[in-house]
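Written out below as structure tokens is the structure these notes cover.
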Amino acid sequence: MRSLLISSFALLSLLSSMVTAGALAADEQPIKDRLQEFQSAWNKDDTTAMAAVWADDGSLINPVGVFAQGRDEIVKVFVQEHTSPGPFKATKYSTSDVKFQWVTPDVAVVDVSANLSGIRGSDGAAAPDYAHHVVWVFVKKDGKWMLDGAAGADELVYRRVGENELGAIAVAYGFVDGQNEYAALG
């Protein structure tokens with residue numbers, strides 16, 4: 001009976017992961033569209049549209065470590081960076097090589113190769129392009145993919161605890177099976 005239950009669970013898990021994989025692939029394009037919205041807004045210095053990609057309560061840590069919590073605070077960071085004499089005013093942002101890692105069907109960690117060109121130093125002199133990686137955490141909220149690093153981090157913690165608990169349960173089942181086999185020997 002136990003073998004049938006475990007086999008059924010394994011088959012269900014396999015089928016579920018196959019269905020989930022197809023659904024997750026379908027969600028990649030909407031996330032890429034959100035990245036394109038951000039890039040387009042950046043290239044226009046449209047700070048409100050840039051921040052609109054974040055969840056209302058989302059968080060941002062920019063490349064120099066400035067932290068903002070909530071869309072209103074994120075807009076303020078972008079305004080400082082994208083208005084004169086901000087360092088990113090009139091710069092061009094481009095992305096490539098987008099890679100997805102699914103935490104759950106509603107949480108994706110997205111690794112993006114990016115380049116920032118047109119940067120000017122405080123003296124107005126041109127600076128070299130800034131090629132870099134960005135790791136974005138997208139969370140599906142009300143059917144729409146939004147940036148939300150804090151919610152994504154929380155989900156990672158919840159999932160790690162869940163996986164550990166499942167491992168502990170499997171070990172406990174092994175002990176019970178071993179005890180049952182030992183008892184059957186008489």
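Each chain in the structure tokens gets a letter, A, B, ..., in the order shown, and its residues are numbered from 1; ligands are numbered from 1 in order too.
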
Counting only C-alpha atoms, what is within 6 Å of stretch 103-108 of chain A, bar same-chain residues fewer than 3 positions away, as a list in words?
->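 So the residues in contact are Val137, Phe138, Val139 and Lys140 of chain A.
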
Shell around A:Thr83 at 10 Å using only C-alpha atoms, local window under 4 positions removed, as an MDAnalysis selection string = chainID A and resid 45:47 78:79 87:90

Neighbours of A:Gln39 within 9 Å (only C-alpha atoms; same-chain residues fewer than 3 positions away dropped), as a short mmCIF file (atom, residue, chain, number, x, y, z; two decimals) with N, CA, C and O atoms, in the first residue's frame?
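Output below, filename result-v3.cif:
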```
data_model
loop_
_atom_site.label_atom_id
_atom_site.label_comp_id
_atom_site.auth_asym_id
_atom_site.auth_seq_id
_atom_site.Cartn_x
_atom_site.Cartn_y
_atom_site.Cartn_z
N ARG A 34 7.84 43.28 -19.44
CA ARG A 34 8.03 44.21 -18.32
C ARG A 34 9.45 44.78 -18.33
O ARG A 34 9.66 45.97 -18.09
N LEU A 35 10.44 43.92 -18.63
CA LEU A 35 11.82 44.40 -18.74
C LEU A 35 11.94 45.43 -19.86
O LEU A 35 12.64 46.44 -19.72
N GLN A 36 11.24 45.19 -20.96
CA GLN A 36 11.27 46.14 -22.08
C GLN A 36 10.61 47.46 -21.69
O GLN A 36 11.07 48.54 -22.07
N TRP A 42 13.52 53.97 -18.99
CA TRP A 42 14.86 54.45 -18.65
C TRP A 42 15.40 55.33 -19.77
O TRP A 42 15.94 56.41 -19.52
N ASN A 43 15.28 54.85 -20.99
CA ASN A 43 15.85 55.56 -22.14
C ASN A 43 15.16 56.88 -22.43
O ASN A 43 15.68 57.70 -23.18
N LYS A 44 14.00 57.10 -21.81
CA LYS A 44 13.28 58.37 -21.93
C LYS A 44 13.38 59.20 -20.65
O LYS A 44 12.74 60.25 -20.55
N MET A 50 9.37 54.06 -15.03
CA MET A 50 10.38 53.11 -14.54
C MET A 50 9.88 52.45 -13.26
O MET A 50 9.93 51.23 -13.10
N LYS A 92 21.49 55.45 -21.98
CA LYS A 92 20.73 54.40 -22.67
C LYS A 92 20.99 53.08 -21.98
O LYS A 92 22.13 52.69 -21.75
N TYR A 93 19.90 52.38 -21.69
CA TYR A 93 19.94 51.09 -21.00
C TYR A 93 19.50 50.02 -21.98
O TYR A 93 18.50 50.17 -22.66
N SER A 94 20.26 48.94 -22.06
CA SER A 94 19.88 47.82 -22.93
C SER A 94 20.11 46.51 -22.20
O SER A 94 20.99 46.42 -21.34
N THR A 95 19.30 45.52 -22.54
CA THR A 95 19.41 44.21 -21.91
C THR A 95 19.55 43.12 -22.97
O THR A 95 19.15 43.30 -24.12
#
```

Which residue out of A:Val112, A:Ala125, A:Val135, A:Val75 has the minimum interatomic distance to A:Gly58 when only C-alpha atoms are used?
->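 Going through A:Val112, A:Ala125, A:Val135, A:Val75 one by one, the smallest distance to A:Gly58 is for A:Val75.
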
Using only C-alpha atoms, which residue out of A:Leu24, A:Leu116, A:Ala51, A:Ile31 lies closest to A:Trp136?
->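 Between A:Leu24, A:Leu116, A:Ala51, A:Ile31, the residue approaching A:Trp136 most closely is A:Ile31.
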
Among the residues A:His82, A:Asn62, A:Ile74, A:Ala114, the one that comes closest to A:Ala41 [using only C-alpha atoms] =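 The shortest atom-to-atom distance to A:Ala41 comes from A:His82.
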
Interatomic distance, atom CA of A:Gln101 to atom CA of A:Glu81 (Å, one decimal) =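 According to the coordinates, atom CA of A:Gln101 and atom CA of A:Glu81 are separated by 29.5 Å.
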
From stretch 29-116 of chain A, collect each residue whose DSSP state is helix (DSSP H, G or I) and return the set as a PyMOL selection string.
-> chain A and resi 29-43+47-51+71-82
